[in-house]
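As structure tokens, the structure follows; a few thoughts come after it.
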Amino acid sequence: MPAFLDSRDLRYVMASLAAMLVMLVLAYRVAPAPPQQALGYPSTYSTAWAGAKAAYLLLEEQGYPVERWEKTPEELPANAKGAVYVLVDPFEDATNDEKTAIRRFVTGGGRVLAVGGEASGLAPDLDAAEPDEFEPEAQTYSALLPSAITNNAPEISMTSPDRFTSSKHPWLGLYGQGDKLAVVTYRVGQGQVIWWASASPLTNGAIREKNNLEFFLNCIGPPAATRVYWDEYFHGSRASFLSYFAHGPLPWAGVQIGIAFLAVLLTFSRRSGAMRLPLAESRLSPLEFVDTLGDLYQSAHASPAAVAVAYRRLRTALARKLALPAKVKLPELSRAAAGRFGWPEDELLDTLGRSERAMRNINLEEPEALYLVRRLHEFSARLEPTGRADQETPAWR
């Protein structure tokens with residue numbers, strides 16, 4: 001230690017170091033589950049409306065041998081008969097070896113319950129896509145064929161299902177509504193793939209609606225003959241210490257404690273150094289509000305929320321101006337705006353469609369979000385009294 005530290009300052013520094021070590025250990029031991037989105041996400045750790053903790057605990061109470069799988073699929077058991085691998089809206093990318101391991105699990109007699117369009121990149125020979133338009137209201141889907149999966153579940157409900165595209169294997173549509181398929185199954189080797197268009201039937205808020213619970217248990221299978229591996233690996237929860245340290249709260253805990261330690265040292269230096277008057281800072285409230293709000297969105301990784309605010313503002317204003325229903329379809333809304341205001345119909349429809357998809361994309365890049373928000377604000381500004389929206393539309397960038 002430097003000679004200018006007296007015994008009292010030395011005690012403060014040593015106490016800060018000891019506190020930092022204790023807090024690091026406590027942060028590791030009692031760290032919470034992986035963080036969820038503000039509105040919830042179908043994870044077995046989440047108690048939010050869209051979480052899946054209730055379904056996971058239900059399987060435990062029903063006597064299923066179930067575990068959260070926080071390891072790579074390459075470590076799934078070789079003997080997969082009677083095993084179910086649950087993939088619910090994964091958002092982490094998989095390597096080719098991991099995809100091969102999932103295929104080996106299925107062909108060896110295992111069953112994969114793949115949920116959502118993102119799961120199509122992991123389940124063998126499955127193609128699915130996002131819906132053309134987000135549907136916030138739950139829709140009812142009827143059983144199309146009698147099977148073990150539809151037993152005692154003639155109807156189920158889903159919110160904003162993705163679209164099944166194709167599979168190279170012969171497949172069966174088990175639930176649907178018109179030309180929309182909600183549940184599809186097909187065989188791969190000795191195993192089976194079951195695909196859901198939406199995770200809502202197993203979420204905390206919707207598992208009790210209609211026959212969602214019976215449908216979910218039918219897909220899992222009987223407790224005595226089924227072992228369930230519920231994936232959390234592709235939700236970012238990794239079993240190794242290094243991966244946990246990289247994705248968990250420990251780095252931020254270390255940063256916060258380091259800042260506190262620096263604050264202690266700076267306090268000593270301010271007591272020992274020359275006293276100077278602080279510089280007068282300009283307090284510009286509007287700019288402070290903008291900076292603070294921007295920092296808040298950035299720190300929360302809330303790019304989808306920023307897009308959603310601008311999108312809903314424009315859509316509500318357009319529907320009111322055009323005297324259309326609030327839930328009017330995007331093509332009709334764009335067509336009406338083009339006829340009334342002379343706006344470019346294709347560009348407006350493209351902006352609104354991309355914005356709807358961005359609202360549900362948790363991995364939305366900030367440049368894409370900034371571009372969409374600017375375009376939405378450009379359209380909104382033309383609806384203002386000073387925007388002169390009824391005049392000839394200038395060339396758009």
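Chains: A, B, ... in order of the structure tokens. Residues: from 1 per chain. Ligands: from 1, in order shown.
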Counting only C-alpha atoms, what is within 8 Å of Ser380 of chain A, bar same-chain residues fewer than 2 positions away, as number ranges by chain?
-> A: 313-314, 317, 376-378, 382-384
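Residue neighbourhood of segment 108-121 of chain A, excluding near-sequence residues (fewer than 5 positions): A:Ala80, A:Lys81, A:Ala83, A:Val84, A:Tyr85, A:Val86, A:Leu87, A:Val88, A:Asp89, A:Leu126, A:Asp127, A:Ala128, A:Ala129, A:Asp162, A:Gln190, A:Gly191, A:Gln192, A:Val193, A:Ile194, A:Trp195, A:Trp196, A:Ala197, A:Ser198, A:Ala199, at 6 Å, using only C-alpha atoms.
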Kindly export the residues of the current selection with C-alpha atoms, as a PDB file, in the first residue's frame.
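Below is the file selection36.pdb, written as the result:
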ATOM      1  CA  ALA A  80     -33.846 -42.094 -26.721  1.00  0.00           C
ATOM      2  CA  LYS A  81     -36.839 -44.439 -26.592  1.00  0.00           C
ATOM      3  CA  ALA A  83     -37.715 -39.660 -24.031  1.00  0.00           C
ATOM      4  CA  VAL A  84     -39.175 -36.266 -24.999  1.00  0.00           C
ATOM      5  CA  TYR A  85     -37.042 -33.241 -25.843  1.00  0.00           C
ATOM      6  CA  VAL A  86     -39.096 -30.026 -25.442  1.00  0.00           C
ATOM      7  CA  LEU A  87     -37.968 -27.055 -27.580  1.00  0.00           C
ATOM      8  CA  VAL A  88     -40.145 -24.006 -26.872  1.00  0.00           C
ATOM      9  CA  ASP A  89     -39.401 -20.869 -28.927  1.00  0.00           C
ATOM     10  CA  LEU A 126     -39.141 -28.828 -40.513  1.00  0.00           C
ATOM     11  CA  ASP A 127     -39.928 -25.530 -42.227  1.00  0.00           C
ATOM     12  CA  ALA A 128     -42.095 -22.841 -40.646  1.00  0.00           C
ATOM     13  CA  ALA A 129     -42.402 -19.074 -40.875  1.00  0.00           C
ATOM     14  CA  ASP A 162     -46.654 -19.242 -36.874  1.00  0.00           C
ATOM     15  CA  GLN A 190     -37.960 -44.507 -35.163  1.00  0.00           C
ATOM     16  CA  GLY A 191     -38.934 -41.216 -33.530  1.00  0.00           C
ATOM     17  CA  GLN A 192     -41.514 -38.483 -33.895  1.00  0.00           C
ATOM     18  CA  VAL A 193     -41.613 -34.700 -34.285  1.00  0.00           C
ATOM     19  CA  ILE A 194     -44.626 -32.757 -32.988  1.00  0.00           C
ATOM     20  CA  TRP A 195     -44.756 -29.099 -34.021  1.00  0.00           C
ATOM     21  CA  TRP A 196     -46.943 -26.406 -32.427  1.00  0.00           C
ATOM     22  CA  ALA A 197     -47.545 -23.118 -34.168  1.00  0.00           C
ATOM     23  CA  SER A 198     -47.576 -21.205 -30.851  1.00  0.00           C
ATOM     24  CA  ALA A 199     -46.432 -21.750 -27.261  1.00  0.00           C
TER      25      ALA A 199
END
Have a look at atom CA of Ala153 of chain A and atom CA of Val106 of chain A and let me know their distance in Å, one decimal.
->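 Those two atoms sit 25.4 Å apart.
For the pair atom CA of Gly51 of chain A and atom CA of Glu365 of chain A, the separation is 23.9 Å.
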Identify which of the residues A:Glu130, A:Glu135, A:Glu98, A:Glu74 lies closest to Val328 of chain A, counting only C-alpha atoms when measuring atom-to-atom distances.
-> A:Glu135
Quick one: residues within 12 Å of Glu356 of chain A, only C-alpha atoms counted, chain neighbours fewer than 5 positions away excluded, as a ChimeraX atom specification?
-> /A:130-136,160,304-312,315,330,349-351,361,364,369,372-373,376
Find the residues near Leu174 of chain A: any atom within 10 Å, counting only C-alpha atoms, skip ones fewer than 2 places away on the same chain, and give them as an MDAnalysis selection string.
-> chainID A and resid 141:147 149:150 171:172 176 181:185 194:196
Kindly save the residues from that selection, with N, CA, C and O atoms included, as a PDB file, in the first residue's frame.
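As a result, out_7.pdb now contains:
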ATOM      1  N   TYR A 141     -58.758 -23.672 -32.390  1.00  0.00           N
ATOM      2  CA  TYR A 141     -58.399 -24.596 -33.462  1.00  0.00           C
ATOM      3  C   TYR A 141     -58.965 -25.970 -33.116  1.00  0.00           C
ATOM      4  O   TYR A 141     -58.797 -26.465 -31.999  1.00  0.00           O
ATOM      5  N   SER A 142     -59.627 -26.575 -34.073  1.00  0.00           N
ATOM      6  CA  SER A 142     -60.314 -27.848 -33.870  1.00  0.00           C
ATOM      7  C   SER A 142     -59.441 -29.011 -34.310  1.00  0.00           C
ATOM      8  O   SER A 142     -58.599 -28.884 -35.206  1.00  0.00           O
ATOM      9  N   ALA A 143     -59.680 -30.167 -33.673  1.00  0.00           N
ATOM     10  CA  ALA A 143     -58.962 -31.385 -34.052  1.00  0.00           C
ATOM     11  C   ALA A 143     -59.397 -31.821 -35.444  1.00  0.00           C
ATOM     12  O   ALA A 143     -60.587 -31.832 -35.766  1.00  0.00           O
ATOM     13  N   LEU A 144     -58.422 -32.178 -36.267  1.00  0.00           N
ATOM     14  CA  LEU A 144     -58.694 -32.586 -37.641  1.00  0.00           C
ATOM     15  C   LEU A 144     -58.727 -34.101 -37.798  1.00  0.00           C
ATOM     16  O   LEU A 144     -59.375 -34.609 -38.711  1.00  0.00           O
ATOM     17  N   LEU A 145     -58.022 -34.812 -36.915  1.00  0.00           N
ATOM     18  CA  LEU A 145     -57.950 -36.266 -36.999  1.00  0.00           C
ATOM     19  C   LEU A 145     -58.007 -36.861 -35.595  1.00  0.00           C
ATOM     20  O   LEU A 145     -57.501 -36.265 -34.644  1.00  0.00           O
ATOM     21  N   PRO A 146     -58.595 -38.037 -35.428  1.00  0.00           N
ATOM     22  CA  PRO A 146     -58.527 -38.722 -34.127  1.00  0.00           C
ATOM     23  C   PRO A 146     -57.138 -39.322 -33.928  1.00  0.00           C
ATOM     24  O   PRO A 146     -56.598 -39.974 -34.820  1.00  0.00           O
ATOM     25  N   SER A 147     -56.550 -39.064 -32.790  1.00  0.00           N
ATOM     26  CA  SER A 147     -55.225 -39.601 -32.492  1.00  0.00           C
ATOM     27  C   SER A 147     -55.012 -39.528 -30.991  1.00  0.00           C
ATOM     28  O   SER A 147     -55.831 -38.983 -30.245  1.00  0.00           O
ATOM     29  N   ILE A 149     -52.908 -37.714 -29.572  1.00  0.00           N
ATOM     30  CA  ILE A 149     -52.642 -36.325 -29.208  1.00  0.00           C
ATOM     31  C   ILE A 149     -53.933 -35.529 -29.070  1.00  0.00           C
ATOM     32  O   ILE A 149     -54.041 -34.641 -28.226  1.00  0.00           O
ATOM     33  N   THR A 150     -54.950 -35.837 -29.882  1.00  0.00           N
ATOM     34  CA  THR A 150     -56.216 -35.095 -29.824  1.00  0.00           C
ATOM     35  C   THR A 150     -57.219 -35.725 -28.873  1.00  0.00           C
ATOM     36  O   THR A 150     -58.335 -35.222 -28.739  1.00  0.00           O
ATOM     37  N   TRP A 171     -46.552 -35.957 -43.403  1.00  0.00           N
ATOM     38  CA  TRP A 171     -46.972 -35.334 -42.161  1.00  0.00           C
ATOM     39  C   TRP A 171     -48.492 -35.329 -42.046  1.00  0.00           C
ATOM     40  O   TRP A 171     -49.218 -35.454 -43.036  1.00  0.00           O
ATOM     41  N   LEU A 172     -48.947 -35.178 -40.800  1.00  0.00           N
ATOM     42  CA  LEU A 172     -50.381 -35.126 -40.507  1.00  0.00           C
ATOM     43  C   LEU A 172     -50.691 -33.821 -39.788  1.00  0.00           C
ATOM     44  O   LEU A 172     -50.001 -33.453 -38.822  1.00  0.00           O
ATOM     45  N   GLY A 176     -56.336 -27.430 -36.732  1.00  0.00           N
ATOM     46  CA  GLY A 176     -56.312 -26.362 -37.711  1.00  0.00           C
ATOM     47  C   GLY A 176     -57.586 -25.555 -37.691  1.00  0.00           C
ATOM     48  O   GLY A 176     -58.553 -25.856 -36.976  1.00  0.00           O
ATOM     49  N   LEU A 181     -52.811 -24.440 -40.199  1.00  0.00           N
ATOM     50  CA  LEU A 181     -52.469 -25.606 -39.401  1.00  0.00           C
ATOM     51  C   LEU A 181     -51.807 -25.151 -38.109  1.00  0.00           C
ATOM     52  O   LEU A 181     -50.863 -24.375 -38.119  1.00  0.00           O
ATOM     53  N   ALA A 182     -52.314 -25.662 -36.975  1.00  0.00           N
ATOM     54  CA  ALA A 182     -51.779 -25.269 -35.670  1.00  0.00           C
ATOM     55  C   ALA A 182     -50.874 -26.338 -35.078  1.00  0.00           C
ATOM     56  O   ALA A 182     -49.961 -26.019 -34.313  1.00  0.00           O
ATOM     57  N   VAL A 183     -51.120 -27.609 -35.400  1.00  0.00           N
ATOM     58  CA  VAL A 183     -50.318 -28.712 -34.867  1.00  0.00           C
ATOM     59  C   VAL A 183     -50.074 -29.708 -35.995  1.00  0.00           C
ATOM     60  O   VAL A 183     -51.007 -30.105 -36.690  1.00  0.00           O
ATOM     61  N   VAL A 184     -48.796 -30.091 -36.158  1.00  0.00           N
ATOM     62  CA  VAL A 184     -48.400 -31.028 -37.211  1.00  0.00           C
ATOM     63  C   VAL A 184     -47.480 -32.071 -36.591  1.00  0.00           C
ATOM     64  O   VAL A 184     -46.681 -31.756 -35.691  1.00  0.00           O
ATOM     65  N   THR A 185     -47.573 -33.305 -37.066  1.00  0.00           N
ATOM     66  CA  THR A 185     -46.676 -34.360 -36.591  1.00  0.00           C
ATOM     67  C   THR A 185     -46.207 -35.198 -37.767  1.00  0.00           C
ATOM     68  O   THR A 185     -46.911 -35.328 -38.781  1.00  0.00           O
ATOM     69  N   ILE A 194     -43.331 -33.427 -33.146  1.00  0.00           N
ATOM     70  CA  ILE A 194     -44.626 -32.757 -32.988  1.00  0.00           C
ATOM     71  C   ILE A 194     -44.348 -31.260 -32.997  1.00  0.00           C
ATOM     72  O   ILE A 194     -43.555 -30.768 -32.183  1.00  0.00           O
ATOM     73  N   TRP A 195     -44.978 -30.544 -33.908  1.00  0.00           N
ATOM     74  CA  TRP A 195     -44.756 -29.099 -34.021  1.00  0.00           C
ATOM     75  C   TRP A 195     -46.019 -28.335 -33.660  1.00  0.00           C
ATOM     76  O   TRP A 195     -47.104 -28.648 -34.157  1.00  0.00           O
ATOM     77  N   TRP A 196     -45.858 -27.332 -32.764  1.00  0.00           N
ATOM     78  CA  TRP A 196     -46.943 -26.406 -32.427  1.00  0.00           C
ATOM     79  C   TRP A 196     -46.662 -25.069 -33.100  1.00  0.00           C
ATOM     80  O   TRP A 196     -45.510 -24.616 -33.159  1.00  0.00           O
TER      81      TRP A 196
END
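Restricting the calculation to only C-alpha atoms, the smallest distance between Glu67 of chain A and any of A:Thr159, A:Asn79, A:Ser200, A:Thr44 is found for A:Thr44.
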